[in-house]
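Right, one structure below, let's go through it.
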Amino acid sequence: MSKYDDVMKLALERGFFFQSSEIYADAPAGFWEYGPLGTSMKNKLIQLWRKELVKRDEMLEIDGSVIMPEDVFIASGHLKSFVDPLVECKKCKQVFRADKIISEKSGQIVPERLSEKEFDALISKYNVRCPNCKGELSKTKIFNMMFKVGIGAKDEKVAYLRPETCQSIFVDFPRVFRTMRCKLPIAIAQTGRVFRNEISPRQCLLRLREIIQAEIEVFFNPSKANEFEKFESVKKYKLRMWIDEKIVEISCEDAVSKGIISNKLIAYYLAILQQFYEKTGIKRENMRFRTLGEDEKAFYTKQGLDFEVLTSVGWIELVACNYRTDYDLSGHAKESKKDFSVIDDGEKIIPHVFELSMGIDRTLFCIMENSFEREKERDVLKVPFYLAPITCAVFPLVNREGMPEKAREIYEMLRKNFDSFYDDSGSIGRRYRRMDEVGCPFCITIDSQTMKDDTVTIRDRDSMKQVRVKINELNDWIKKMIG
RNA sequence: GCGGUUGUAGUCUAGCGGUUAGGACCUGAGCUUCCCGAGCUCAUGACCCGGGUUCAAAUCCCGGCAACCGCACCA
């Protein structure tokens, strides 16, 4: 059984996550729900992201609308470019990317963003046939991956579910910049749901149609990307970069001076991103940054790196790090005829953008896979204490001599401060095992000694060792442990 | 989206034209239990959806949906 299957089974048995609308047979793929434990963990992950990135870097956080009007996506280029030009073989029904099979046949570079007619013209010019069966190809159909919605009673106004959260950040930039009295460089962050009509969603949380993102857009003056004080704090920190088919540990200052990373600002944000991921419990040796080739970059990206994590199903892209230049702000300025320029040291500029676009669902899956361990006698989810869906569980050792009542009392005290859980069923061993599986770091047990001296035992998830702590020191003890 | 395989309780699985649809683990109740899925008793719970063939369908056929594997796709 692979790690993937282990996590999947755990997720289903404990309700971390499961398929959306699963009771109905026609529920479409690519939509998943988080149950109570998954939700708790997801919230804690976002909390960690806030602490380690948003707060650490004094970013501003906003919360934008999911439905946005067509104009936004005309300006952003998504209407035109967030597409796959597809052709189908009339004989064997295989579907291909029009641009790809034309360039294979012709040896020419074919732009991705031609019209349907232009693709059809190229197909007949080069006499492109099905690479599989030599069958005749259908007309090109441009498939846009955005979900269209109609606004109003008669569906008159066309709008879309946003395919990335950052468009809100770009659209809101002038007001946020002004109202928060910003100076460049400034980062604006957002978490939220985005929607992409993927052709084939796969592998539970790894490829979804409805995605939770946590995005950070850094706005800066491109002529000052190397005058960046914060860089000092990370210059010795080593990034894990995929260079020449292997992972190289390289300090931020070396990466910049050798031109592997184009400036100090970008290096700094990559560093704090990797530091954040180290705090999720994902093993450092399973991380890397990979510079994207020309053919795999998004249409708005000048330079792109993916932050990837190794799982049982290969390297998974968790964060897209894109240098978007002034592509978005200029696009919105042009389309809306509003002024997106700001004054930086007396110079009037359109800021450039560097983004960290993180997939929360994928990250959560990777954290679970990286922390799940099958030991001889038990399954344990060894997540960092601060990400555990349940922080402390309270058990009476046996159900007599006033222990359940005492345990209830302690549970009531703890649940005000921590995600807590009470259980008095079955044997104590079974209750410990159940908590191990969902990653609960502390099991607090009330025994006969508790009844005499007001102390309890706290069992550590990883070592299974117990310590005895006074009840009135419990809150502080746990707080200290989870940091 | 294509091809192949598959769909039985929360999970894993037996059954492959007529079964009270069997088991294991889990879950719940009770007994027991002073520390690691122990034991005993009892209980809950399933044939993916729709149509067809048949006296009779979980079982055969068709369609849908989903999952898995490969291909393609994945800003």
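Just remember, in the structure tokens the first chain shown is A, the second B, etc., residues are 1-based per chain, and ligands are 1-based in the order shown.
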12 Å contacts from chain B to chain A using only C-alpha atoms (C1' of nucleotides), as a PyMOL selection string
chain B and resi 1-3+7+10-12+25-39+48-50+64-68+71-75
Set the distance at 7 Å and use only C-alpha atoms (C1' of nucleotides): which residues neighbour range 114-118 of chain A once local chain neighbours fewer than 3 positions away are removed? I'd like the list as a list in words.
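My reading of the contact set: Pro111, Ala121, Leu122, Thr140, Lys141 and Ile142 of chain A.
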Go through range 209-392 of chain A and collect every residue that DSSP, computed from the backbone, puts in strand (DSSP E or B); the answer should be as JSON, numbers by chain.
{"A": [210, 211, 212, 213, 214, 215, 216, 217, 218, 219, 220, 238, 239, 240, 241, 242, 243, 246, 247, 248, 249, 250, 251, 287, 288, 289, 290, 291, 303, 304, 305, 306, 307, 308, 309, 310, 311, 314, 315, 316, 317, 318, 319, 320, 321, 322, 323, 324, 325, 342, 343, 344, 347, 348, 349, 352, 353, 354, 355, 356, 357, 358, 359, 372, 373, 374, 379, 380, 381, 392]}
Residues within 8 Å of range 37-53 of chain A, only C-alpha atoms (C1' of nucleotides), excluding chain neighbours under 6 positions, as a list of chain:residue names
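Once the adjacent positions are removed, what remains is A:Arg14, A:Gly15, A:Phe16, A:Phe17, A:Met59, A:Ala214, A:Ile272, A:Leu273, A:Phe276, A:Thr280, A:Ile360, A:Leu364, A:Tyr386, A:Leu387, A:Ala388, A:Pro389, A:Ile390, A:Val438.
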For those residues, write N, CA and C atoms to a file as a tab-separated table (two decimals), in the first residue's frame.
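Everything below was put into part_21.tsv:
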```
chain	number	residue	atom	x	y	z
A	14	ARG	N	-11.48	8.98	8.77
A	14	ARG	CA	-11.61	10.00	9.81
A	14	ARG	C	-12.31	11.26	9.31
A	15	GLY	N	-12.65	11.26	8.05
A	15	GLY	CA	-13.39	12.40	7.52
A	15	GLY	C	-12.56	13.67	7.38
A	16	PHE	N	-11.26	13.54	7.13
A	16	PHE	CA	-10.45	14.74	6.86
A	16	PHE	C	-10.96	15.41	5.58
A	17	PHE	N	-11.06	14.61	4.53
A	17	PHE	CA	-11.63	15.13	3.28
A	17	PHE	C	-12.25	13.98	2.49
A	59	MET	N	2.70	42.16	5.47
A	59	MET	CA	1.85	42.24	4.28
A	59	MET	C	0.45	42.72	4.68
A	214	ALA	N	-3.67	30.45	-1.46
A	214	ALA	CA	-3.18	31.53	-0.61
A	214	ALA	C	-2.15	32.25	-1.46
A	272	ILE	N	11.72	33.09	2.42
A	272	ILE	CA	10.73	33.00	3.50
A	272	ILE	C	9.64	31.98	3.15
A	273	LEU	N	9.44	31.76	1.88
A	273	LEU	CA	8.49	30.71	1.49
A	273	LEU	C	9.02	29.33	1.90
A	276	PHE	N	8.80	28.88	5.53
A	276	PHE	CA	7.42	28.56	5.92
A	276	PHE	C	7.17	27.06	5.74
A	280	THR	N	5.97	23.42	8.17
A	280	THR	CA	4.79	22.57	8.01
A	280	THR	C	5.10	21.12	8.32
A	360	ILE	N	-3.45	25.53	-1.32
A	360	ILE	CA	-3.66	25.06	0.06
A	360	ILE	C	-4.01	23.57	0.09
A	364	LEU	N	-1.87	20.75	1.96
A	364	LEU	CA	-2.41	19.96	3.06
A	364	LEU	C	-2.18	18.47	2.80
A	386	TYR	N	1.35	22.54	16.17
A	386	TYR	CA	0.45	23.66	15.88
A	386	TYR	C	-0.43	23.42	14.65
A	387	LEU	N	-0.17	22.32	13.92
A	387	LEU	CA	-1.05	22.01	12.79
A	387	LEU	C	-2.02	20.86	13.10
A	388	ALA	N	-1.86	20.25	14.25
A	388	ALA	CA	-2.71	19.09	14.58
A	388	ALA	C	-4.17	19.52	14.67
A	389	PRO	N	-5.07	18.75	14.05
A	389	PRO	CA	-6.48	19.15	14.07
A	389	PRO	C	-7.07	19.14	15.49
A	390	ILE	N	-6.58	18.22	16.32
A	390	ILE	CA	-6.97	18.22	17.73
A	390	ILE	C	-5.69	18.42	18.52
A	438	VAL	N	-4.91	10.73	14.16
A	438	VAL	CA	-5.30	12.06	13.68
A	438	VAL	C	-4.30	13.12	14.13
```
Measuring atom to atom with only C-alpha atoms (C1' of nucleotides), identify which of B:G4, B:U41, B:A46, B:U54 is nearest to G18 in chain B.
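For G18 in chain B, the nearest of the given residues is B:U54.
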Report the distance between CA of Asp423 in chain A and CA of Trp477 in chain A in Å, rounded to one decimal place.
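The value is 21.0 Å.
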Find the residues around C61 in chain B up to 12 Å (only C-alpha atoms (C1' of nucleotides) counted), leave out those fewer than 5 positions away in its own chain, and share them as a PyMOL selection string.
chain B and resi 51-54
Output N, CA and C atoms (P, O5', C5', C4', C3', O3' and C1' of nucleotides) for every residue in the selection just made, as an mmCIF file, in the first residue's frame.
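Written output follows (selection-v6.cif):
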```cif
data_model
loop_
_atom_site.group_PDB
_atom_site.id
_atom_site.type_symbol
_atom_site.label_atom_id
_atom_site.label_comp_id
_atom_site.auth_asym_id
_atom_site.auth_seq_id
_atom_site.Cartn_x
_atom_site.Cartn_y
_atom_site.Cartn_z
ATOM 1 P P G B 51 -35.281 3.539 -13.810
ATOM 2 O "O5'" G B 51 -34.856 2.948 -15.223
ATOM 3 C "C5'" G B 51 -35.620 3.256 -16.379
ATOM 4 C "C4'" G B 51 -34.910 2.767 -17.607
ATOM 5 C "C3'" G B 51 -35.136 1.313 -17.964
ATOM 6 O "O3'" G B 51 -36.396 1.084 -18.557
ATOM 7 C "C1'" G B 51 -32.864 1.820 -18.218
ATOM 8 P P G B 52 -37.147 -0.324 -18.297
ATOM 9 O "O5'" G B 52 -36.248 -1.328 -19.143
ATOM 10 C "C5'" G B 52 -36.274 -1.277 -20.563
ATOM 11 C "C4'" G B 52 -35.216 -2.178 -21.134
ATOM 12 C "C3'" G B 52 -35.448 -3.670 -20.932
ATOM 13 O "O3'" G B 52 -36.380 -4.187 -21.853
ATOM 14 C "C1'" G B 52 -33.199 -3.149 -20.493
ATOM 15 P P U B 53 -37.303 -5.418 -21.462
ATOM 16 O "O5'" U B 53 -36.243 -6.607 -21.470
ATOM 17 C "C5'" U B 53 -35.662 -7.046 -22.694
ATOM 18 C "C4'" U B 53 -34.721 -8.186 -22.424
ATOM 19 C "C3'" U B 53 -35.322 -9.328 -21.608
ATOM 20 O "O3'" U B 53 -36.076 -10.211 -22.416
ATOM 21 C "C1'" U B 53 -33.197 -8.770 -20.734
ATOM 22 P P U B 54 -37.549 -10.652 -21.955
ATOM 23 O "O5'" U B 54 -37.198 -11.584 -20.709
ATOM 24 C "C5'" U B 54 -36.453 -12.782 -20.892
ATOM 25 C "C4'" U B 54 -36.111 -13.361 -19.550
ATOM 26 C "C3'" U B 54 -37.304 -13.508 -18.611
ATOM 27 O "O3'" U B 54 -38.043 -14.679 -18.889
ATOM 28 C "C1'" U B 54 -35.480 -12.531 -17.446
#
```
Mind the document's chain letters and residue numbers, and return as a PyMOL selection string the residues of range 259-448 of chain A that DSSP labels alpha helix (DSSP H).
chain A and resi 264-278+327-336+360-371+403-414+428-437+448
Counting only C-alpha atoms, the residue of A:Lys90, A:Lys3, A:Arg240, A:Lys125 that sits nearest Ser138 in chain A
A:Lys90
Do you have the CA of Cys182 in chain A-CA of His332 in chain A distance handy?
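A separation of 19.6 Å between them.
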I'd like the interatomic distance between C1' of A56 in chain B and C1' of A14 in chain B, to a tenth of an Å.
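Interatomic distance, C1' of A56 in chain B to C1' of A14 in chain B: 22.4 Å.
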Polymer residues at most 8 Å from Tyr126 in chain A, only C-alpha atoms (C1' of nucleotides), same-chain spacing of 2 or more positions, as a ChimeraX atom specification:
/A:102,105-106,122-124,128
Take the residues from that selection and write them out as an mmCIF file, in the first residue's frame, keeping N, CA and C atoms.
```cif
data_model
loop_
_atom_site.group_PDB
_atom_site.id
_atom_site.type_symbol
_atom_site.label_atom_id
_atom_site.label_comp_id
_atom_site.auth_asym_id
_atom_site.auth_seq_id
_atom_site.Cartn_x
_atom_site.Cartn_y
_atom_site.Cartn_z
ATOM 1 N N ILE A 102 0.351 20.686 -34.449
ATOM 2 C CA ILE A 102 0.786 21.409 -35.647
ATOM 3 C C ILE A 102 2.301 21.606 -35.614
ATOM 4 N N LYS A 105 4.221 18.414 -36.403
ATOM 5 C CA LYS A 105 4.200 18.044 -37.821
ATOM 6 C C LYS A 105 5.037 18.993 -38.674
ATOM 7 N N SER A 106 4.912 20.298 -38.351
ATOM 8 C CA SER A 106 5.521 21.294 -39.238
ATOM 9 C C SER A 106 6.945 21.646 -38.835
ATOM 10 N N LEU A 122 -3.778 26.344 -40.448
ATOM 11 C CA LEU A 122 -2.465 25.712 -40.321
ATOM 12 C C LEU A 122 -2.566 24.198 -40.458
ATOM 13 N N ILE A 123 -3.639 23.651 -39.905
ATOM 14 C CA ILE A 123 -3.817 22.197 -39.990
ATOM 15 C C ILE A 123 -3.928 21.756 -41.447
ATOM 16 N N SER A 124 -4.690 22.525 -42.252
ATOM 17 C CA SER A 124 -4.789 22.093 -43.648
ATOM 18 C C SER A 124 -3.518 22.433 -44.426
ATOM 19 N N VAL A 128 -1.997 18.233 -41.354
ATOM 20 C CA VAL A 128 -1.827 17.532 -40.077
ATOM 21 C C VAL A 128 -2.945 16.503 -39.909
#
```
Shell of 9 Å around range 335-347 of chain A, only C-alpha atoms (C1' of nucleotides), local chain residues under 2 positions omitted, as a tab-separated table (two decimals) with N, CA and C atoms, in the first residue's frame:
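Just written: around-v7.tsv:
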```
chain	number	residue	atom	x	y	z
A	71	ASP	N	-14.91	42.08	-17.82
A	71	ASP	CA	-13.85	43.06	-18.06
A	71	ASP	C	-12.54	42.69	-17.36
A	72	VAL	N	-12.68	42.17	-16.15
A	72	VAL	CA	-11.48	41.81	-15.40
A	72	VAL	C	-10.65	40.82	-16.19
A	74	ILE	N	-10.84	40.19	-19.45
A	74	ILE	CA	-10.33	40.75	-20.70
A	74	ILE	C	-8.99	41.40	-20.39
A	75	ALA	N	-8.99	42.20	-19.32
A	75	ALA	CA	-7.76	42.91	-18.94
A	75	ALA	C	-6.66	41.95	-18.53
A	173	PHE	N	-5.83	47.13	-6.07
A	173	PHE	CA	-4.54	47.75	-5.72
A	173	PHE	C	-4.60	49.27	-5.50
A	174	PRO	N	-5.22	50.05	-6.42
A	174	PRO	CA	-5.17	51.50	-6.22
A	174	PRO	C	-5.79	51.94	-4.90
A	177	PHE	N	-3.67	50.63	-1.85
A	177	PHE	CA	-2.41	51.37	-1.75
A	177	PHE	C	-2.63	52.75	-1.13
A	183	LYS	N	3.83	52.42	0.81
A	183	LYS	CA	5.02	52.78	0.05
A	183	LYS	C	5.58	51.49	-0.55
A	184	LEU	N	6.13	51.60	-1.71
A	184	LEU	CA	6.76	50.41	-2.31
A	184	LEU	C	8.04	50.09	-1.55
A	221	ASN	N	9.27	48.50	-7.17
A	221	ASN	CA	9.88	49.29	-8.23
A	221	ASN	C	10.98	48.44	-8.88
A	329	LEU	N	-1.17	45.02	-13.75
A	329	LEU	CA	-1.59	46.39	-13.42
A	329	LEU	C	-1.75	47.21	-14.70
A	330	SER	N	-0.86	47.07	-15.62
A	330	SER	CA	-0.98	47.81	-16.89
A	330	SER	C	-2.21	47.36	-17.66
A	331	GLY	N	-2.47	46.07	-17.63
A	331	GLY	CA	-3.65	45.54	-18.31
A	331	GLY	C	-4.92	46.14	-17.74
A	332	HIS	N	-5.01	46.18	-16.43
A	332	HIS	CA	-6.22	46.74	-15.80
A	332	HIS	C	-6.28	48.26	-16.00
A	333	ALA	N	-5.13	48.91	-16.01
A	333	ALA	CA	-5.11	50.36	-16.24
A	333	ALA	C	-5.66	50.68	-17.62
A	349	ILE	N	5.66	55.45	-11.38
A	349	ILE	CA	5.85	54.15	-12.05
A	349	ILE	C	4.62	53.26	-11.88
A	350	ILE	N	4.52	52.30	-12.79
A	350	ILE	CA	3.60	51.17	-12.57
A	350	ILE	C	4.43	50.09	-11.89
A	351	PRO	N	4.04	49.70	-10.68
A	351	PRO	CA	4.86	48.71	-9.98
A	351	PRO	C	4.90	47.38	-10.72
```
